[in-house]
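Text of structure-v3.cif (mmCIF, C-alpha atoms) as supplied:
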data_protein
#
loop_
_atom_site.label_atom_id
_atom_site.label_comp_id
_atom_site.auth_asym_id
_atom_site.auth_seq_id
_atom_site.Cartn_x
_atom_site.Cartn_y
_atom_site.Cartn_z
CA MET A 1 82.24 90.29 143.68
CA PRO A 2 80.77 93.07 145.73
CA ALA A 3 78.28 95.56 144.37
CA TYR A 4 77.45 98.84 146.05
CA LYS A 5 74.25 100.81 146.48
CA TYR A 6 74.01 104.56 145.93
CA THR A 7 71.27 107.19 145.79
CA THR A 8 70.88 109.55 142.84
CA LYS A 9 69.97 113.24 143.18
CA THR A 10 66.37 112.32 142.43
CA GLY A 11 66.36 109.85 145.34
CA ARG A 12 66.42 106.69 143.26
CA GLN A 13 68.37 103.70 144.65
CA LEU A 14 70.81 102.18 142.13
CA TRP A 15 73.80 99.80 142.20
CA TYR A 16 77.35 99.99 140.86
CA ALA A 17 80.27 97.64 140.32
CA ASN A 18 83.67 98.83 141.51
CA PHE A 19 86.77 96.63 141.18
CA TYR A 20 90.41 96.32 140.13
CA TYR A 21 91.73 94.00 137.43
CA VAL A 22 94.99 93.23 135.62
CA ASP A 23 94.96 93.96 131.87
CA TRP A 24 96.83 92.12 129.11
CA LYS A 25 99.96 94.25 129.65
CA GLY A 26 100.09 93.33 133.35
CA ASP A 27 98.95 96.76 134.57
CA ARG A 28 96.57 96.94 137.52
CA LEU A 29 93.55 99.05 136.52
CA HIS A 30 90.41 100.31 138.24
CA LYS A 31 86.93 99.85 136.75
CA CYS A 32 83.66 101.37 137.94
CA LYS A 33 80.26 101.10 136.23
CA ARG A 34 77.12 102.71 137.62
CA GLY A 35 73.41 102.64 136.92
CA PHE A 36 72.31 99.06 137.59
CA SER A 37 68.82 98.61 138.97
CA THR A 38 69.72 95.47 140.95
CA LYS A 39 72.76 94.12 142.76
CA LYS A 40 72.60 90.97 140.64
CA GLU A 41 72.89 93.00 137.39
CA ALA A 42 75.98 94.83 138.70
CA GLN A 43 77.64 91.56 139.73
CA GLU A 44 76.80 89.90 136.42
CA TRP A 45 78.28 92.84 134.48
CA GLU A 46 81.50 92.58 136.53
CA ARG A 47 81.68 88.81 135.95
CA ASN A 48 81.22 89.26 132.17
CA PHE A 49 83.81 92.05 132.05
CA LEU A 50 86.40 89.94 133.85
CA SER A 51 85.61 86.88 131.69
CA LYS A 52 86.28 88.83 128.49
CA GLY A 53 89.83 89.52 129.60
CA SER A 54 90.37 86.08 131.00
CA SER A 55 92.54 83.50 129.27
CA ASP A 56 90.98 80.68 131.25
CA PRO A 57 89.30 77.69 129.54
CA THR A 58 86.25 78.21 131.77
CA ILE A 59 85.23 81.24 129.72
CA PRO A 60 81.72 80.92 128.22
CA PHE A 61 81.60 80.03 124.52
CA SER A 62 79.68 83.23 123.70
CA LEU A 63 82.45 85.41 125.19
CA LEU A 64 85.14 83.40 123.39
CA LEU A 65 83.28 84.01 120.13
CA GLU A 66 82.97 87.73 120.88
CA ASN A 67 86.71 88.01 121.63
CA TYR A 68 87.58 85.99 118.52
CA MET A 69 85.51 88.22 116.24
CA VAL A 70 87.07 91.38 117.71
CA ASP A 71 90.54 89.90 117.22
CA MET A 72 89.82 88.86 113.62
CA GLN A 73 88.38 92.28 112.58
CA SER A 74 91.84 93.62 111.73
CA ARG A 75 93.09 90.39 110.13
CA LEU A 76 90.29 89.42 107.74
CA LYS A 77 88.35 91.12 104.96
CA PRO A 78 84.89 92.50 105.81
CA THR A 79 83.13 89.94 103.60
CA THR A 80 84.92 87.09 105.37
CA ILE A 81 83.97 88.56 108.74
CA GLY A 82 80.35 88.82 107.57
CA ASN A 83 80.31 85.18 106.46
CA LYS A 84 81.84 84.01 109.74
CA GLU A 85 79.35 86.05 111.79
CA GLN A 86 76.41 84.61 109.88
CA ILE A 87 77.55 81.01 110.39
CA TYR A 88 78.40 81.56 114.06
CA LYS A 89 75.15 83.37 114.82
CA THR A 90 72.81 80.91 113.09
CA LYS A 91 74.51 77.51 113.21
CA ILE A 92 76.99 77.40 116.09
CA LEU A 93 76.02 79.87 118.83
CA PRO A 94 72.49 78.50 119.38
CA PHE A 95 73.98 75.10 120.26
CA PHE A 96 77.13 76.07 122.21
CA GLY A 97 76.29 79.59 123.44
CA ASP A 98 75.84 78.96 127.18
CA MET A 99 78.52 76.28 127.53
CA ARG A 100 82.00 76.83 128.92
CA ILE A 101 84.67 76.00 126.35
CA CYS A 102 86.24 73.42 128.66
CA ASP A 103 82.88 71.55 128.69
CA ILE A 104 82.82 71.13 124.90
CA THR A 105 83.91 67.54 124.38
CA PRO A 106 84.17 65.47 121.20
CA LEU A 107 80.85 63.84 122.12
CA VAL A 108 79.13 67.25 122.31
CA VAL A 109 80.63 68.22 118.94
CA ARG A 110 79.45 64.91 117.51
CA ARG A 111 75.87 65.59 118.67
CA TRP A 112 76.05 69.04 117.09
CA GLN A 113 77.31 67.52 113.83
CA ASN A 114 74.45 65.00 113.86
CA SER A 115 71.90 67.78 114.32
CA LEU A 116 73.33 69.54 111.26
CA ILE A 117 73.33 66.38 109.17
CA GLU A 118 69.73 65.57 110.15
CA PHE A 119 68.46 69.13 109.52
CA ARG A 120 65.87 69.60 106.76
CA ASP A 121 64.48 72.94 105.54
CA ASP A 122 60.83 73.69 104.75
CA HIS A 123 61.14 71.81 101.45
CA GLY A 124 62.76 68.75 103.03
CA GLN A 125 66.23 69.59 101.70
CA PRO A 126 69.35 68.98 103.82
CA TYR A 127 72.38 71.27 103.94
CA SER A 128 74.78 70.70 101.05
CA GLN A 129 77.93 68.75 101.78
CA THR A 130 80.17 71.76 101.11
CA TYR A 131 78.10 73.93 103.49
CA LEU A 132 78.36 71.31 106.23
CA LYS A 133 82.13 71.30 105.74
CA SER A 134 82.23 75.15 105.97
CA ILE A 135 80.24 75.17 109.20
CA HIS A 136 82.47 72.52 110.79
CA VAL A 137 85.62 74.39 109.71
CA GLN A 138 84.39 77.57 111.41
CA LEU A 139 83.86 75.77 114.71
CA SER A 140 87.28 74.14 114.39
CA CYS A 141 88.91 77.56 113.76
CA LEU A 142 87.30 78.94 116.89
CA MET A 143 88.38 75.97 118.99
CA ASN A 144 91.95 76.25 117.63
CA TYR A 145 91.87 79.87 118.80
CA ALA A 146 90.77 78.67 122.25
CA VAL A 147 93.64 76.16 122.34
CA ARG A 148 96.16 78.79 121.34
CA TYR A 149 95.04 81.70 123.52
CA TYR A 150 92.73 80.38 126.27
CA GLY A 151 94.55 77.30 127.54
CA LEU A 152 92.11 74.71 126.19
CA ASP A 153 93.88 71.32 126.24
CA LYS A 154 92.93 70.21 122.74
CA ASN A 155 90.51 70.97 119.95
CA PRO A 156 87.52 68.60 120.31
CA CYS A 157 86.78 68.96 116.58
CA HIS A 158 89.96 67.04 115.71
CA SER A 159 88.79 63.94 117.57
CA THR A 160 85.37 63.87 115.93
CA GLY A 161 86.55 64.28 112.37
CA GLY A 162 84.96 66.51 109.80
CA ILE A 163 81.58 66.38 108.12
CA GLY A 164 80.66 67.19 104.56
CA LYS A 165 82.88 67.35 101.50
CA SER A 166 85.32 70.01 100.40
CA ASP A 167 84.63 69.49 96.69
CA ALA A 168 81.27 70.42 95.26
CA GLU A 169 79.43 68.06 92.97
CA GLU A 170 80.12 68.45 89.28
CA MET A 171 78.01 71.10 87.58
CA HIS A 172 76.12 70.10 84.46
CA ILE A 173 76.29 72.87 81.90
CA TRP A 174 74.25 72.87 78.73
CA SER A 175 75.91 73.10 75.37
CA ARG A 176 74.73 75.78 72.95
CA GLU A 177 72.67 73.20 71.01
CA GLN A 178 70.95 71.96 74.21
CA PHE A 179 70.10 75.52 75.21
CA GLU A 180 68.67 76.37 71.76
CA ASN A 181 66.60 73.17 71.83
CA PHE A 182 65.22 74.17 75.26
CA ILE A 183 64.55 77.81 74.43
CA GLN A 184 62.39 77.01 71.39
CA TYR A 185 59.78 75.55 73.76
CA GLU A 186 59.81 78.61 76.03
CA LYS A 187 56.84 80.86 75.27
CA LYS A 188 58.27 84.04 76.84
CA SER A 189 60.86 86.13 75.08
#

Would you mind writing the file's structure down as structure tokens?
Amino acid sequence: MPAYKYTTKTGRQLWYANFYYVDWKGDRLHKCKRGFSTKKEAQEWERNFLSKGSSDPTIPFSLLLENYMVDMQSRLKPTTIGNKEQIYKTKILPFFGDMRICDITPLVVRRWQNSLIEFRDDHGQPYSQTYLKSIHVQLSCLMNYAVRYYGLDKNPCHSTGGIGKSDAEEMHIWSREQFENFIQYEKKS
């Protein structure tokens, strides 16, 4: 991955990446990006650009997630996209972000699941069982996408099994008489 140095009109030394790649249609295209302050930055930009278009299971998890979200924009409702982004950004990406998808094994997923189960908020409350299930389902969806489009051998989430419950606990709703009994002790109107 070569990077090239050039001098601007003001005399400043900068770097650029200049390369050819094959797009998803099989066409050979040229790409040039200028303005990097170091050779390393230019090479890193080229590596990230080529990884985004790659269908190789060595792609970083963060780039897989980025490609998945772009692909799902036209297929899902905006509220669903927002919910997915929130879960990925706060619960999944911090754990898997720097890993390659081929390095995510059932054991790694199991450790991630355990960290979610053991989590407690400021008040000592764990995540609800239905929320744990939702988080696990989102990771499984992403790994299914990797199996289908990036050549991953199998979804590691299938081997570990799910966490949480799909049915929420039964809600206890007051009858009218119970509410009226309660409200008579309330001082505020």

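Applied to the file shown here, the PyMOL selection byres ((chain A and resi 93-103) around 9) selects Pro57, Thr58, Ile59, Pro60, Phe61, Ser62, Leu63, Leu64, Leu65, Ile87, Tyr88, Lys89, Thr90, Lys91, Ile92, Ile104, Thr105, Val108, Trp112, Met143, Ala146, Leu152 and Asp153 of chain A.
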
- Task: Check what the PyMOL selection byres ((chain A and resi 160) around 10) selects in the file above and give those residues as JSON, numbers by chain.
- Result: {"A": [105, 106, 107, 108, 109, 110, 113, 155, 156, 157, 158, 159, 161, 162, 163]}

- Query: Using all atoms listed in the file, which of the listed residues (A:Ser74, A:Asn67, A:Asn144, A:Gln13) sits closest to A:Phe49?
  - Reply: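 Under the stated criterion, the closest residue is A:Asn67.
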
- Item | One-decimal distance in Å that lies between atom CA of A:Gln138 and atom CA of A:Pro126 | 18.9 Å

- Could you tell me which of A:Arg120, A:Arg34, A:Lys9, A:Lys84 comes closest to A:Ile135 if we count only C-alpha atoms? A:Lys84

Hits of the PyMOL selection byres ((chain A and resi 2) around 9) in this structure, as an mmCIF file with C-alpha atoms, in the coordinates of the input:
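Listed below is the output, expr.cif:
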data_model
loop_
_atom_site.group_PDB
_atom_site.id
_atom_site.type_symbol
_atom_site.label_atom_id
_atom_site.label_comp_id
_atom_site.auth_asym_id
_atom_site.auth_seq_id
_atom_site.Cartn_x
_atom_site.Cartn_y
_atom_site.Cartn_z
ATOM 1 C CA MET A 1 82.240 90.290 143.680
ATOM 2 C CA ALA A 3 78.280 95.560 144.370
ATOM 3 C CA TYR A 4 77.450 98.840 146.050
ATOM 4 C CA ALA A 17 80.270 97.640 140.320
ATOM 5 C CA ASN A 18 83.670 98.830 141.510
ATOM 6 C CA PHE A 19 86.770 96.630 141.180
ATOM 7 C CA LYS A 39 72.760 94.120 142.760
ATOM 8 C CA ALA A 42 75.980 94.830 138.700
ATOM 9 C CA GLN A 43 77.640 91.560 139.730
#

- Task: For A:Glu41, please output as number ranges by chain all residues within 10 Å (counting all atoms listed in the file; exclusion window: fewer than 3 positions along the same chain).
- Result: A: 3, 15-17, 35-38, 44-47

For stretch 139-155 of chain A, write all heavy atoms out as a CSV table (one decimal), in the first residue's frame.
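Below is the file that was written, result29.csv:
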chain,number,residue,atom,x,y,z
A,139,LEU,N,-26.9,-8.9,17.9
A,139,LEU,CA,-25.6,-9.5,17.6
A,139,LEU,C,-25.7,-10.7,16.6
A,139,LEU,O,-25.0,-10.8,15.7
A,139,LEU,CB,-24.8,-9.9,18.8
A,139,LEU,CG,-23.4,-10.5,18.5
A,139,LEU,CD1,-22.5,-9.5,17.8
A,139,LEU,CD2,-22.8,-11.1,19.8
A,140,SER,N,-26.7,-11.5,16.9
A,140,SER,CA,-26.9,-12.7,16.1
A,140,SER,C,-27.3,-12.3,14.6
A,140,SER,O,-26.9,-12.9,13.7
A,140,SER,CB,-28.0,-13.6,16.7
A,140,SER,OG,-28.2,-14.8,15.9
A,141,CYS,N,-28.2,-11.2,14.5
A,141,CYS,CA,-28.5,-10.7,13.2
A,141,CYS,C,-27.3,-10.2,12.4
A,141,CYS,O,-27.1,-10.5,11.2
A,141,CYS,CB,-29.5,-9.5,13.3
A,141,CYS,SG,-31.1,-9.9,13.8
A,142,LEU,N,-26.4,-9.5,13.1
A,142,LEU,CA,-25.2,-9.0,12.5
A,142,LEU,C,-24.3,-10.2,12.0
A,142,LEU,O,-23.7,-10.2,10.9
A,142,LEU,CB,-24.5,-8.1,13.4
A,142,LEU,CG,-23.3,-7.3,12.8
A,142,LEU,CD1,-23.7,-6.5,11.6
A,142,LEU,CD2,-22.7,-6.5,13.9
A,143,MET,N,-24.2,-11.2,12.9
A,143,MET,CA,-23.3,-12.3,12.5
A,143,MET,C,-23.9,-13.2,11.4
A,143,MET,O,-23.2,-13.7,10.6
A,143,MET,CB,-23.0,-13.2,13.8
A,143,MET,CG,-22.3,-12.4,14.8
A,143,MET,SD,-20.8,-11.5,14.3
A,143,MET,CE,-19.7,-12.8,14.0
A,144,ASN,N,-25.3,-13.2,11.3
A,144,ASN,CA,-25.9,-13.9,10.2
A,144,ASN,C,-25.6,-13.2,8.9
A,144,ASN,O,-25.4,-13.8,7.9
A,144,ASN,CB,-27.4,-14.0,10.4
A,144,ASN,CG,-27.9,-15.1,11.4
A,144,ASN,OD1,-27.1,-16.0,11.6
A,144,ASN,ND2,-29.0,-14.9,12.0
A,145,TYR,N,-25.6,-11.9,9.0
A,145,TYR,CA,-25.3,-11.0,7.8
A,145,TYR,C,-23.8,-11.3,7.4
A,145,TYR,O,-23.5,-11.4,6.2
A,145,TYR,CB,-25.4,-9.5,8.2
A,145,TYR,CG,-25.1,-8.6,7.1
A,145,TYR,CD1,-26.1,-8.3,6.2
A,145,TYR,CD2,-23.9,-7.9,7.0
A,145,TYR,CE1,-25.9,-7.3,5.2
A,145,TYR,CE2,-23.7,-7.0,6.1
A,145,TYR,CZ,-24.7,-6.7,5.1
A,145,TYR,OH,-24.4,-5.8,4.1
A,146,ALA,N,-22.9,-11.5,8.4
A,146,ALA,CA,-21.5,-11.8,8.0
A,146,ALA,C,-21.4,-13.2,7.4
A,146,ALA,O,-20.6,-13.4,6.5
A,146,ALA,CB,-20.7,-11.7,9.3
A,147,VAL,N,-22.2,-14.1,7.9
A,147,VAL,CA,-22.2,-15.5,7.3
A,147,VAL,C,-22.7,-15.4,5.8
A,147,VAL,O,-22.1,-16.0,4.9
A,147,VAL,CB,-23.1,-16.4,8.1
A,147,VAL,CG1,-23.3,-17.7,7.3
A,147,VAL,CG2,-22.4,-16.7,9.4
A,148,ARG,N,-23.8,-14.7,5.6
A,148,ARG,CA,-24.4,-14.6,4.3
A,148,ARG,C,-23.5,-13.8,3.3
A,148,ARG,O,-23.4,-14.2,2.1
A,148,ARG,CB,-25.7,-13.9,4.4
A,148,ARG,CG,-26.6,-14.0,3.2
A,148,ARG,CD,-28.0,-13.6,3.4
A,148,ARG,NE,-28.7,-14.5,4.3
A,148,ARG,CZ,-29.3,-14.1,5.4
A,148,ARG,NH1,-29.4,-12.8,5.7
A,148,ARG,NH2,-29.9,-15.0,6.2
A,149,TYR,N,-22.9,-12.7,3.7
A,149,TYR,CA,-22.3,-11.8,2.7
A,149,TYR,C,-20.8,-11.7,2.8
A,149,TYR,O,-20.1,-11.1,2.0
A,149,TYR,CB,-22.9,-10.4,2.8
A,149,TYR,CG,-24.4,-10.5,2.4
A,149,TYR,CD1,-25.3,-10.2,3.4
A,149,TYR,CD2,-24.8,-10.7,1.1
A,149,TYR,CE1,-26.7,-10.3,3.1
A,149,TYR,CE2,-26.2,-10.8,0.8
A,149,TYR,CZ,-27.1,-10.5,1.8
A,149,TYR,OH,-28.4,-10.6,1.5
A,150,TYR,N,-20.2,-12.2,3.9
A,150,TYR,CA,-18.7,-12.0,4.1
A,150,TYR,C,-18.0,-13.3,4.3
A,150,TYR,O,-16.8,-13.2,4.7
A,150,TYR,CB,-18.5,-11.0,5.3
A,150,TYR,CG,-18.8,-9.6,5.0
A,150,TYR,CD1,-20.1,-9.1,5.2
A,150,TYR,CD2,-17.9,-8.7,4.6
A,150,TYR,CE1,-20.5,-7.8,4.8
A,150,TYR,CE2,-18.2,-7.4,4.2
A,150,TYR,CZ,-19.5,-7.0,4.4
A,150,TYR,OH,-19.8,-5.7,4.1
A,151,GLY,N,-18.6,-14.4,4.0
A,151,GLY,CA,-17.9,-15.6,4.0
A,151,GLY,C,-17.5,-16.2,5.4
A,151,GLY,O,-16.6,-17.0,5.5
A,152,LEU,N,-18.2,-15.7,6.5
A,152,LEU,CA,-17.9,-16.3,7.8
A,152,LEU,C,-18.5,-17.7,7.8
A,152,LEU,O,-19.6,-17.9,7.3
A,152,LEU,CB,-18.6,-15.4,8.8
A,152,LEU,CG,-18.3,-15.7,10.3
A,152,LEU,CD1,-16.8,-15.4,10.6
A,152,LEU,CD2,-19.1,-14.9,11.2
A,153,ASP,N,-17.7,-18.6,8.4
A,153,ASP,CA,-18.1,-20.0,8.3
A,153,ASP,C,-19.5,-20.3,9.0
A,153,ASP,O,-20.3,-21.0,8.4
A,153,ASP,CB,-17.1,-20.9,9.0
A,153,ASP,CG,-15.8,-21.0,8.1
A,153,ASP,OD1,-15.9,-20.8,6.9
A,153,ASP,OD2,-14.7,-21.2,8.7
A,154,LYS,N,-19.6,-19.8,10.2
A,154,LYS,CA,-20.9,-20.0,10.9
A,154,LYS,C,-21.1,-18.9,12.0
A,154,LYS,O,-20.1,-18.2,12.4
A,154,LYS,CB,-20.9,-21.4,11.6
A,154,LYS,CG,-19.9,-21.6,12.7
A,154,LYS,CD,-20.0,-22.9,13.3
A,154,LYS,CE,-19.0,-23.0,14.5
A,154,LYS,NZ,-19.2,-24.2,15.3
A,155,ASN,N,-22.3,-18.7,12.4
A,155,ASN,CA,-22.6,-17.7,13.4
A,155,ASN,C,-22.3,-18.2,14.7
A,155,ASN,O,-22.8,-19.2,15.2
A,155,ASN,CB,-24.1,-17.4,13.3
A,155,ASN,CG,-24.6,-16.3,14.2
A,155,ASN,OD1,-23.9,-16.0,15.1
A,155,ASN,ND2,-25.7,-15.8,13.9
